[in-house]
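Text of target05.txt, listed as compact mmCIF, C-alpha atoms:
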```txt
# COMPACT_ATOMS: atom_id res chain seq x y z
CA MET A 1 91.98 107.66 95.14
CA ASN A 2 88.60 105.89 95.29
CA LEU A 3 87.87 107.61 98.57
CA PHE A 4 88.70 110.93 96.94
CA PHE A 5 86.05 110.32 94.33
CA SER A 6 83.38 109.18 96.80
CA PHE A 7 80.36 111.40 96.45
CA LEU A 8 79.77 113.65 99.44
CA ILE A 9 76.10 114.67 99.44
CA LEU A 10 74.56 116.89 102.07
CA ILE A 11 70.87 117.32 101.24
CA ASN A 12 68.51 119.91 102.65
CA ILE A 13 65.43 120.16 100.51
CA PHE A 14 63.97 123.37 101.86
CA ASN A 15 67.20 125.33 101.86
CA ASP A 16 68.08 123.82 98.48
CA VAL A 17 71.60 122.99 99.68
CA TYR A 18 73.38 120.21 97.78
CA THR A 19 77.11 119.56 97.95
CA SER A 20 78.87 116.98 95.78
CA LEU A 21 82.34 116.38 94.42
CA GLY A 22 81.82 118.33 91.19
CA ASP A 23 80.39 121.53 92.68
CA SER A 24 82.98 121.52 95.48
CA PHE A 25 85.78 122.14 92.94
CA PRO A 26 87.15 125.72 93.06
CA ALA A 27 87.20 125.77 89.25
CA TYR A 28 83.43 125.21 89.24
CA GLN A 29 82.79 128.08 91.64
CA THR A 30 85.14 130.37 89.69
CA CYS A 31 83.40 129.49 86.42
CA ILE A 32 79.99 130.35 87.90
CA GLU A 33 81.17 133.72 89.22
CA LYS A 34 82.63 134.66 85.82
CA CYS A 35 79.45 133.53 84.07
CA LYS A 36 77.23 135.53 86.44
CA THR A 37 79.36 138.62 85.93
CA ASN A 38 79.23 138.34 82.14
CA GLN A 39 75.67 137.13 81.60
CA CYS A 40 73.45 137.89 84.62
CA LEU A 41 71.88 141.02 86.01
CA ASN A 42 72.41 141.88 89.67
CA ASP A 43 69.34 139.88 90.74
CA GLY A 44 70.96 136.69 89.41
CA TYR A 45 67.68 135.69 87.78
CA ASN A 46 67.46 137.68 84.55
CA PHE A 47 69.91 137.67 81.67
CA LYS A 48 71.80 140.73 80.48
CA ASN A 49 71.09 139.54 76.96
CA GLN A 50 67.30 139.25 76.73
CA GLY A 51 67.58 137.22 73.53
CA SER A 52 67.94 133.98 75.52
CA PHE A 53 66.77 130.62 74.25
CA ILE A 54 63.00 130.19 74.26
CA PHE A 55 63.16 126.96 76.29
CA ILE A 56 65.07 128.70 79.08
CA ASP A 57 62.19 131.17 79.26
CA ILE A 58 59.50 128.47 79.15
CA PHE A 59 60.96 126.52 82.08
CA LYS A 60 61.99 129.70 83.93
CA TRP A 61 65.65 128.74 84.25
CA PRO A 62 67.29 131.65 86.13
CA CYS A 63 70.53 133.01 84.78
CA THR A 64 72.47 131.69 87.79
CA GLU A 65 71.19 128.15 87.29
CA ASN A 66 71.99 128.35 83.61
CA CYS A 67 75.55 129.32 84.57
CA ARG A 68 75.67 126.26 86.85
CA TYR A 69 74.60 124.09 83.93
CA HIS A 70 77.31 125.32 81.55
CA CYS A 71 80.00 125.27 84.23
CA MET A 72 78.97 121.73 85.17
CA TRP A 73 79.87 120.53 81.69
CA PHE A 74 83.11 122.50 81.82
CA ILE A 75 84.10 120.49 84.92
CA VAL A 76 82.87 117.21 83.40
CA ASP A 77 85.06 117.81 80.33
CA MET A 78 88.00 118.54 82.63
CA PHE A 79 87.45 115.27 84.49
CA GLU A 80 87.23 113.34 81.22
CA ARG A 81 90.52 114.79 79.97
CA LYS A 82 92.19 113.62 83.18
CA ASN A 83 90.47 110.18 82.97
CA TRP A 84 88.76 110.77 86.32
CA PRO A 85 85.35 109.24 87.15
CA GLN A 86 82.40 111.45 86.29
CA PRO A 87 81.39 113.58 89.31
CA GLN A 88 77.97 114.52 90.62
CA PHE A 89 76.82 118.11 91.07
CA HIS A 90 74.48 119.24 93.85
CA GLY A 91 73.58 115.61 94.58
CA LYS A 92 72.80 114.68 90.97
CA TRP A 93 74.50 113.22 87.93
CA PRO A 94 75.04 115.65 85.04
CA PHE A 95 72.31 115.40 82.40
CA ALA A 96 72.16 117.08 79.02
CA ARG A 97 69.04 119.19 78.68
CA PHE A 98 66.71 118.67 75.75
CA MET A 99 64.21 121.39 74.87
CA GLY A 100 64.75 122.83 78.34
CA LEU A 101 64.00 119.53 80.13
CA GLN A 102 66.43 118.74 82.94
CA GLU A 103 66.18 114.92 82.66
CA PRO A 104 64.47 114.31 79.29
CA ALA A 105 64.59 110.49 79.35
CA SER A 106 62.90 110.27 82.75
CA VAL A 107 60.25 112.77 81.60
CA ILE A 108 59.46 110.76 78.47
CA PHE A 109 59.35 107.43 80.33
CA SER A 110 57.15 108.92 83.08
CA LEU A 111 54.70 110.10 80.42
CA MET A 112 54.80 106.63 78.83
CA ASN A 113 53.74 105.13 82.18
CA LEU A 114 50.97 107.74 82.40
CA ALA A 115 49.82 106.91 78.86
CA GLY A 116 49.76 103.20 79.73
CA HIS A 117 47.39 103.80 82.64
CA VAL A 118 45.14 106.11 80.59
CA ILE A 119 44.87 103.66 77.67
CA MET A 120 44.22 100.62 79.85
CA PHE A 121 41.77 102.45 82.13
CA ARG A 122 39.69 103.44 79.12
CA LYS A 123 39.45 99.73 78.24
CA PHE A 124 38.62 99.00 81.89
CA ARG A 125 35.66 101.40 81.84
CA LYS A 126 34.34 99.88 78.60
CA VAL A 127 34.18 96.31 79.91
CA VAL A 128 33.54 96.76 83.65
CA ARG A 129 30.22 97.97 85.02
CA PRO A 130 30.34 100.80 87.59
CA ASN A 131 28.35 98.71 90.07
CA SER A 132 30.92 95.91 89.99
CA PRO A 133 32.76 95.15 93.25
CA MET A 134 36.17 96.89 93.42
CA TYR A 135 35.27 99.28 90.57
CA LYS A 136 35.43 102.36 92.79
CA VAL A 137 38.66 101.21 94.44
CA TRP A 138 40.42 100.88 91.08
CA PHE A 139 38.83 104.11 89.83
CA VAL A 140 40.58 105.99 92.63
CA PHE A 141 43.77 103.99 91.99
CA PHE A 142 43.77 105.29 88.42
CA ALA A 143 43.68 108.87 89.73
CA VAL A 144 46.49 108.10 92.19
CA CYS A 145 48.66 106.62 89.43
CA CYS A 146 48.04 109.55 87.08
CA ASN A 147 48.93 111.99 89.84
CA CYS A 148 52.13 110.07 90.52
CA TRP A 149 53.38 109.99 86.94
CA ILE A 150 52.41 113.60 86.25
CA TRP A 151 54.46 114.78 89.23
CA SER A 152 57.29 112.49 88.17
CA ALA A 153 57.35 114.18 84.78
CA VAL A 154 57.17 117.64 86.37
CA PHE A 155 59.98 116.85 88.82
CA HIS A 156 62.30 115.50 86.13
CA SER A 157 61.47 118.46 83.88
CA ARG A 158 62.89 120.79 86.49
CA ASP A 159 63.95 119.87 90.00
CA ARG A 160 62.49 122.34 92.50
CA PRO A 161 61.74 121.85 96.22
CA ILE A 162 57.97 121.70 95.67
CA SER A 163 58.22 119.35 92.67
CA GLU A 164 60.58 117.05 94.60
CA VAL A 165 58.27 116.84 97.62
CA MET A 166 55.22 116.19 95.42
CA ASP A 167 57.10 113.55 93.43
CA TYR A 168 58.07 111.65 96.59
CA LEU A 169 54.63 111.97 98.20
CA SER A 170 52.87 110.93 95.00
CA ALA A 171 55.16 107.94 94.53
CA PHE A 172 54.55 106.78 98.09
CA GLY A 173 50.83 107.34 97.53
CA MET A 174 50.84 104.93 94.58
CA VAL A 175 52.83 102.31 96.51
CA PHE A 176 50.62 102.68 99.58
CA TYR A 177 47.40 102.55 97.55
CA SER A 178 48.63 99.34 95.91
CA LEU A 179 48.77 97.79 99.37
CA TYR A 180 45.38 99.27 100.23
CA GLY A 181 43.80 97.93 97.03
CA THR A 182 45.21 94.46 97.56
CA ILE A 183 43.85 94.24 101.09
CA MET A 184 40.50 95.70 99.99
CA ARG A 185 40.31 92.90 97.42
CA MET A 186 40.83 90.40 100.23
CA LEU A 187 38.06 92.11 102.22
CA VAL A 188 35.67 92.34 99.27
CA HIS A 189 33.12 89.98 100.85
CA SER A 190 33.51 91.37 104.39
CA PRO A 191 30.96 93.66 106.09
CA ILE A 192 31.09 97.23 104.80
CA ILE A 193 32.02 98.59 108.23
CA ILE A 194 35.34 96.72 108.10
CA ALA A 195 36.19 98.24 104.72
CA VAL A 196 35.26 101.72 105.99
CA LEU A 197 37.37 101.41 109.14
CA PHE A 198 40.32 100.05 107.18
CA SER A 199 40.01 102.93 104.69
CA LEU A 200 39.99 105.52 107.49
CA ILE A 201 43.07 103.95 109.07
CA CYS A 202 44.92 104.04 105.73
CA ILE A 203 43.94 107.67 105.11
CA SER A 204 45.21 108.70 108.56
CA ILE A 205 48.51 106.85 108.00
CA TYR A 206 49.12 108.53 104.65
CA VAL A 207 48.15 112.00 105.90
CA ASN A 208 50.50 111.61 108.87
CA HIS A 209 53.30 110.47 106.53
CA ALA A 210 52.74 113.39 104.17
CA LEU A 211 52.56 116.03 106.92
CA TYR A 212 55.74 114.71 108.55
CA LEU A 213 57.70 114.97 105.30
CA ALA A 214 56.18 118.24 104.10
CA LEU A 215 56.22 120.24 107.33
CA GLU A 216 59.46 118.97 108.85
CA GLN A 217 62.93 118.82 107.31
CA PHE A 218 62.54 116.25 104.53
CA ASP A 219 63.69 112.90 105.86
CA TYR A 220 65.00 110.94 102.85
CA HIS A 221 66.02 107.94 104.95
CA TYR A 222 62.57 107.61 106.53
CA ASN A 223 60.82 108.06 103.17
CA MET A 224 62.98 105.37 101.55
CA ASN A 225 62.38 102.92 104.41
CA ALA A 226 58.64 103.61 104.33
CA ASN A 227 58.49 102.92 100.59
CA ILE A 228 60.49 99.71 100.92
CA PHE A 229 58.39 98.45 103.85
CA VAL A 230 55.05 99.19 102.17
CA GLY A 231 56.27 97.87 98.81
CA VAL A 232 57.43 94.57 100.31
CA LEU A 233 54.20 94.26 102.28
CA SER A 234 52.11 94.95 99.18
CA SER A 235 54.05 92.36 97.16
CA ALA A 236 53.68 89.78 99.95
CA PHE A 237 49.90 90.24 100.15
CA SER A 238 49.62 90.14 96.35
CA ILE A 239 51.60 86.91 96.12
CA LEU A 240 49.53 85.43 98.94
CA TRP A 241 46.32 86.30 97.08
CA CYS A 242 47.68 84.90 93.80
CA VAL A 243 48.68 81.60 95.41
CA TRP A 244 45.32 81.29 97.16
CA ASN A 245 43.40 82.09 93.96
CA TRP A 246 45.71 80.55 91.36
CA ARG A 247 42.75 78.77 89.75
CA LEU A 248 41.50 82.20 88.62
CA SER A 249 43.11 83.37 85.36
CA GLN A 250 43.42 86.98 86.57
CA SER A 251 45.85 85.91 89.28
CA ARG A 252 48.49 85.40 86.56
CA HIS A 253 48.27 89.06 85.58
CA LEU A 254 48.70 90.24 89.16
CA PHE A 255 51.60 87.84 89.63
CA ALA A 256 53.25 89.33 86.52
CA VAL A 257 52.91 92.80 88.08
CA VAL A 258 54.69 91.61 91.24
CA ILE A 259 57.50 89.90 89.31
CA ILE A 260 58.12 92.86 86.99
CA GLY A 261 58.03 95.23 89.95
CA ALA A 262 60.56 93.11 91.83
CA LEU A 263 62.91 92.92 88.85
CA THR A 264 62.77 96.65 88.17
CA THR A 265 63.97 97.43 91.69
CA ILE A 266 67.41 96.25 90.57
CA LEU A 267 67.61 99.37 88.41
CA GLU A 268 66.15 101.61 91.09
CA VAL A 269 68.84 100.68 93.63
CA SER A 270 71.60 100.87 91.00
CA ASP A 271 73.56 104.04 90.42
CA PHE A 272 75.79 104.89 87.46
CA PRO A 273 76.60 107.98 85.37
CA PRO A 274 74.14 108.72 82.53
CA VAL A 275 74.78 106.88 79.28
CA ALA A 276 74.91 109.35 76.37
CA LYS A 277 74.33 112.07 79.01
CA ILE A 278 70.62 111.19 79.37
CA LEU A 279 70.11 107.53 80.42
CA ASP A 280 70.91 106.69 84.04
CA ALA A 281 69.63 103.85 86.24
CA HIS A 282 66.63 105.85 87.42
CA ALA A 283 65.53 106.68 83.87
CA LEU A 284 65.86 103.02 82.86
CA TRP A 285 63.81 102.09 85.92
CA HIS A 286 61.00 104.34 84.67
CA LEU A 287 61.25 102.63 81.28
CA SER A 288 61.14 99.16 82.83
CA THR A 289 57.86 99.92 84.64
CA VAL A 290 55.99 100.78 81.42
CA PRO A 291 54.56 97.22 80.98
CA ILE A 292 53.10 97.18 84.52
CA PRO A 293 49.88 99.14 83.69
CA TYR A 294 48.99 96.61 80.99
CA PHE A 295 49.17 93.61 83.32
CA PHE A 296 47.56 95.39 86.26
CA TRP A 297 44.52 96.62 84.34
CA LYS A 298 44.15 93.20 82.69
CA PHE A 299 43.93 91.82 86.22
CA ALA A 300 41.48 94.53 87.30
CA MET A 301 39.22 93.97 84.29
CA GLU A 302 39.03 90.20 84.61
CA ASP A 303 38.72 90.31 88.39
CA CYS A 304 35.91 92.88 88.42
CA GLN A 305 34.02 90.87 85.81
CA TYR A 306 34.50 87.76 87.90
CA LEU A 307 33.30 89.48 91.08
CA HIS A 308 30.29 90.91 89.27
CA ALA A 309 29.34 87.45 88.01
CA VAL A 310 29.74 85.98 91.51
CA SER A 311 27.64 88.76 93.08
CA LYS A 312 24.76 87.99 90.69
CA THR A 313 24.64 84.37 91.91
CA ARG A 314 24.40 85.36 95.59
```
Can you present the structure in this file as structure tokens?
Amino acid sequence: MNLFFSFLILINIFNDVYTSLGDSFPAYQTCIEKCKTNQCLNDGYNFKNQGSFIFIDIFKWPCTENCRYHCMWFIVDMFERKNWPQPQFHGKWPFARFMGLQEPASVIFSLMNLAGHVIMFRKFRKVVRPNSPMYKVWFVFFAVCCNCWIWSAVFHSRDRPISEVMDYLSAFGMVFYSLYGTIMRMLVHSPIIIAVLFSLICISIYVNHALYLALEQFDYHYNMNANIFVGVLSSAFSILWCVWNWRLSQSRHLFAVVIIGALTTILEVSDFPPVAKILDAHALWHLSTVPIPYFFWKFAMEDCQYLHAVSKTR
């Protein structure tokens, strides 16, 4: 019976093909066909009844996808009556929409992460001089983080091929830039040519990664391994820097970032049906990362001030 309820997911991002236990049920397919016949025009996009909900219009939910949504809950209710485990549909857990948002909790928590970076970066700019060492590196990091969390919110608002690709590429960009920033901090007193060469190498690596995922069939396995490898490497370099510079107070803030990041991965690798139809492991992971901007920008502020003071004595 457990094997019967194993989730069978075949993912092809560009053809938008997702097959899971829930959508493989004949009752699900029959429900969709009846819904399309009763509610959709022949194009499958527009509704026969133009008086549809405003939020369906705002997020451009086609009639066919709206039928999938309602039939999904019909199947979920059927499973619950039979005391069967909750199924996935098209590779995803069923989420209740709120104001047209596909995964409202993840959207809200992504925006909370974005707000954390914006608030702390404003404080960073007030106390750190633009000519301070590492200022420009963290300035770009702010833009990378904002881009990441904006695309995360867009993707969880409505899952489309382009929003999924941008979410994955932006997330890897933030992880990869974290590694880049850590190593740049280690090279802060090195000749400028070394920093330039290292920057060019990192740019070429990221561009190659992005082109491979965007232009070829999206390789989820490769993308996951790349994120894990870079994330572990970034954490290792950060811990190494913290240990070497433990006498500096800012090292505690960076160490807190590493510890929180490590603990939150427990949620990211977990997988369970949404609680109250909106809170799954991934949404809780987004919530658990909200404190990270505070500790990181505390580190960046204190470290840039320290480097500026050191540069004045040289």
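Taking atom CA of Glu80 of chain A and atom CA of Phe109 of chain A as endpoints, the distance between them is 28.5 Å.
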Could you tell me how far atom CA of Glu216 of chain A lies from atom CA of Phe89 of chain A, in Å and to one decimal?
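Value for the atom CA of Glu216 of chain A-atom CA of Phe89 of chain A distance: 24.9 Å.
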In terms of the shortest atom-to-atom distance over only C-alpha atoms, which of A:Arg185, A:Arg68, A:Lys48, A:Arg81 is closest to Met134 of chain A?
A:Arg185
Selection: 12 Å around segment 147-153 of chain A, all atoms listed in the file, excl. self and same-chain fewer than 6 positions, as an NGL selection string
:A and (101-118 or 140-141 or 159-160 or 162-177 or 282-283 or 286 or 289-290 or 293)
Tell me, in Å to one decimal, how far atom CA of Leu21 of chain A is from atom CA of Met78 of chain A.
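Distance reported for this atom pair: 13.3 Å.
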Within 12 Å of (27.6, 89.7, 92.1) (coordinates as in the file), grab all the protein and nucleic acid residues, counting only C-alpha atoms, and write them out as a PyMOL selection string.
chain A and resi 129+131-134+188-189+303-314
Top pick for closest residue to Ala195 of chain A, considering A:Met72, A:Leu211, A:Ala281, A:Val137 and counting all atoms listed in the file
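Using all atoms listed in the file, the shortest distance to Ala195 of chain A belongs to A:Val137.
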Contact check, segment 248-311 of chain A to segment 228-237 of chain A, at most 9 Å, counting all atoms listed in the file, closest pairs as CSV:
```
residue,atom,partner,partner_atom,distance
A:Val258,CA,A:Ser235,CA,6.0
A:Ile259,CA,A:Ser235,CA,8.9
A:Gly261,CA,A:Ser235,CA,8.7
A:Ala262,CA,A:Ser235,CA,8.4
```
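Excluding Phe59 of chain A itself and any same-chain residue fewer than 5 positions from it, the protein and nucleic acid residues within 12 Å of it, counting all atoms listed in the file, are Phe53, Ile54, Glu65, Asn66, Arg97, Phe98, Met99, Gly100, Leu101, Gln102, Val154, Phe155, His156, Ser157, Arg158, Asp159 and Arg160 of chain A.
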Go ahead and save the picked residues with C-alpha atoms, as a CSV table (one decimal), in the coordinates of the input.
```
chain,number,residue,atom,x,y,z
A,53,PHE,CA,66.8,130.6,74.2
A,54,ILE,CA,63.0,130.2,74.3
A,65,GLU,CA,71.2,128.2,87.3
A,66,ASN,CA,72.0,128.4,83.6
A,97,ARG,CA,69.0,119.2,78.7
A,98,PHE,CA,66.7,118.7,75.8
A,99,MET,CA,64.2,121.4,74.9
A,100,GLY,CA,64.8,122.8,78.3
A,101,LEU,CA,64.0,119.5,80.1
A,102,GLN,CA,66.4,118.7,82.9
A,154,VAL,CA,57.2,117.6,86.4
A,155,PHE,CA,60.0,116.8,88.8
A,156,HIS,CA,62.3,115.5,86.1
A,157,SER,CA,61.5,118.5,83.9
A,158,ARG,CA,62.9,120.8,86.5
A,159,ASP,CA,64.0,119.9,90.0
A,160,ARG,CA,62.5,122.3,92.5
```
Given the choices A:Asn223, A:Val275, A:Phe198, A:Glu268, which gets closest to Ala210 of chain A if the distance is worked out from all atoms listed in the file?
A:Asn223
Tell me which of A:Met301, A:Pro26, A:Ser249, A:Ala226 sits closest to Lys126 of chain A, counting only C-alpha atoms.
A:Met301
Return the single residue from A:Trp84, A:Phe79, A:Tyr294, A:Trp61 that is closest to Tyr28 of chain A, with distances computed using all atoms listed in the file.
A:Phe79
From A:Ile278, A:Leu284, A:Ile239, A:Ile32, residue lying nearest Ile266 of chain A [all atoms listed in the file]:
A:Leu284
Please reconstruct the missing atoms of segment 209-222 of chain A (target: N, CA, C and O atoms) and return them as a short mmCIF file (atom, residue, chain, number, x, y, z; two decimals), keeping the file's coordinate frame.
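Heads up, here's the output in out.cif:
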```cif
data_model
loop_
_atom_site.label_atom_id
_atom_site.label_comp_id
_atom_site.auth_asym_id
_atom_site.auth_seq_id
_atom_site.Cartn_x
_atom_site.Cartn_y
_atom_site.Cartn_z
N HIS A 209 52.04 110.61 107.28
CA HIS A 209 53.30 110.47 106.53
C HIS A 209 53.59 111.73 105.72
O HIS A 209 54.71 112.27 105.74
N ALA A 210 52.57 112.22 105.02
CA ALA A 210 52.74 113.39 104.17
C ALA A 210 53.05 114.65 104.98
O ALA A 210 53.93 115.44 104.62
N LEU A 211 52.34 114.84 106.08
CA LEU A 211 52.56 116.03 106.92
C LEU A 211 53.96 116.01 107.53
O LEU A 211 54.62 117.05 107.63
N TYR A 212 54.40 114.82 107.95
CA TYR A 212 55.74 114.71 108.55
C TYR A 212 56.82 115.12 107.54
O TYR A 212 57.75 115.86 107.87
N LEU A 213 56.69 114.66 106.30
CA LEU A 213 57.70 114.97 105.30
C LEU A 213 57.60 116.40 104.78
O LEU A 213 58.61 117.03 104.48
N ALA A 214 56.38 116.92 104.68
CA ALA A 214 56.18 118.24 104.10
C ALA A 214 56.45 119.37 105.08
O ALA A 214 56.96 120.43 104.70
N LEU A 215 56.11 119.15 106.35
CA LEU A 215 56.22 120.24 107.33
C LEU A 215 57.53 120.22 108.11
O LEU A 215 57.94 121.24 108.65
N GLU A 216 58.17 119.05 108.17
CA GLU A 216 59.46 118.97 108.85
C GLU A 216 60.56 118.97 107.79
O GLU A 216 60.31 118.99 106.60
N GLN A 217 61.82 118.96 108.24
CA GLN A 217 62.93 118.82 107.31
C GLN A 217 62.79 117.46 106.61
O GLN A 217 62.63 116.44 107.26
N PHE A 218 62.84 117.47 105.29
CA PHE A 218 62.54 116.25 104.53
C PHE A 218 63.50 115.14 104.92
O PHE A 218 64.71 115.27 104.82
N ASP A 219 62.91 114.03 105.37
CA ASP A 219 63.69 112.90 105.86
C ASP A 219 63.77 111.84 104.75
O ASP A 219 62.87 111.02 104.60
N TYR A 220 64.84 111.87 103.97
CA TYR A 220 65.00 110.94 102.85
C TYR A 220 65.10 109.50 103.34
O TYR A 220 64.56 108.58 102.71
N HIS A 221 65.81 109.29 104.43
CA HIS A 221 66.02 107.94 104.95
C HIS A 221 64.68 107.32 105.38
O HIS A 221 64.38 106.17 105.04
N TYR A 222 63.88 108.10 106.10
CA TYR A 222 62.57 107.61 106.53
C TYR A 222 61.68 107.33 105.33
O TYR A 222 60.99 106.30 105.27
#
```
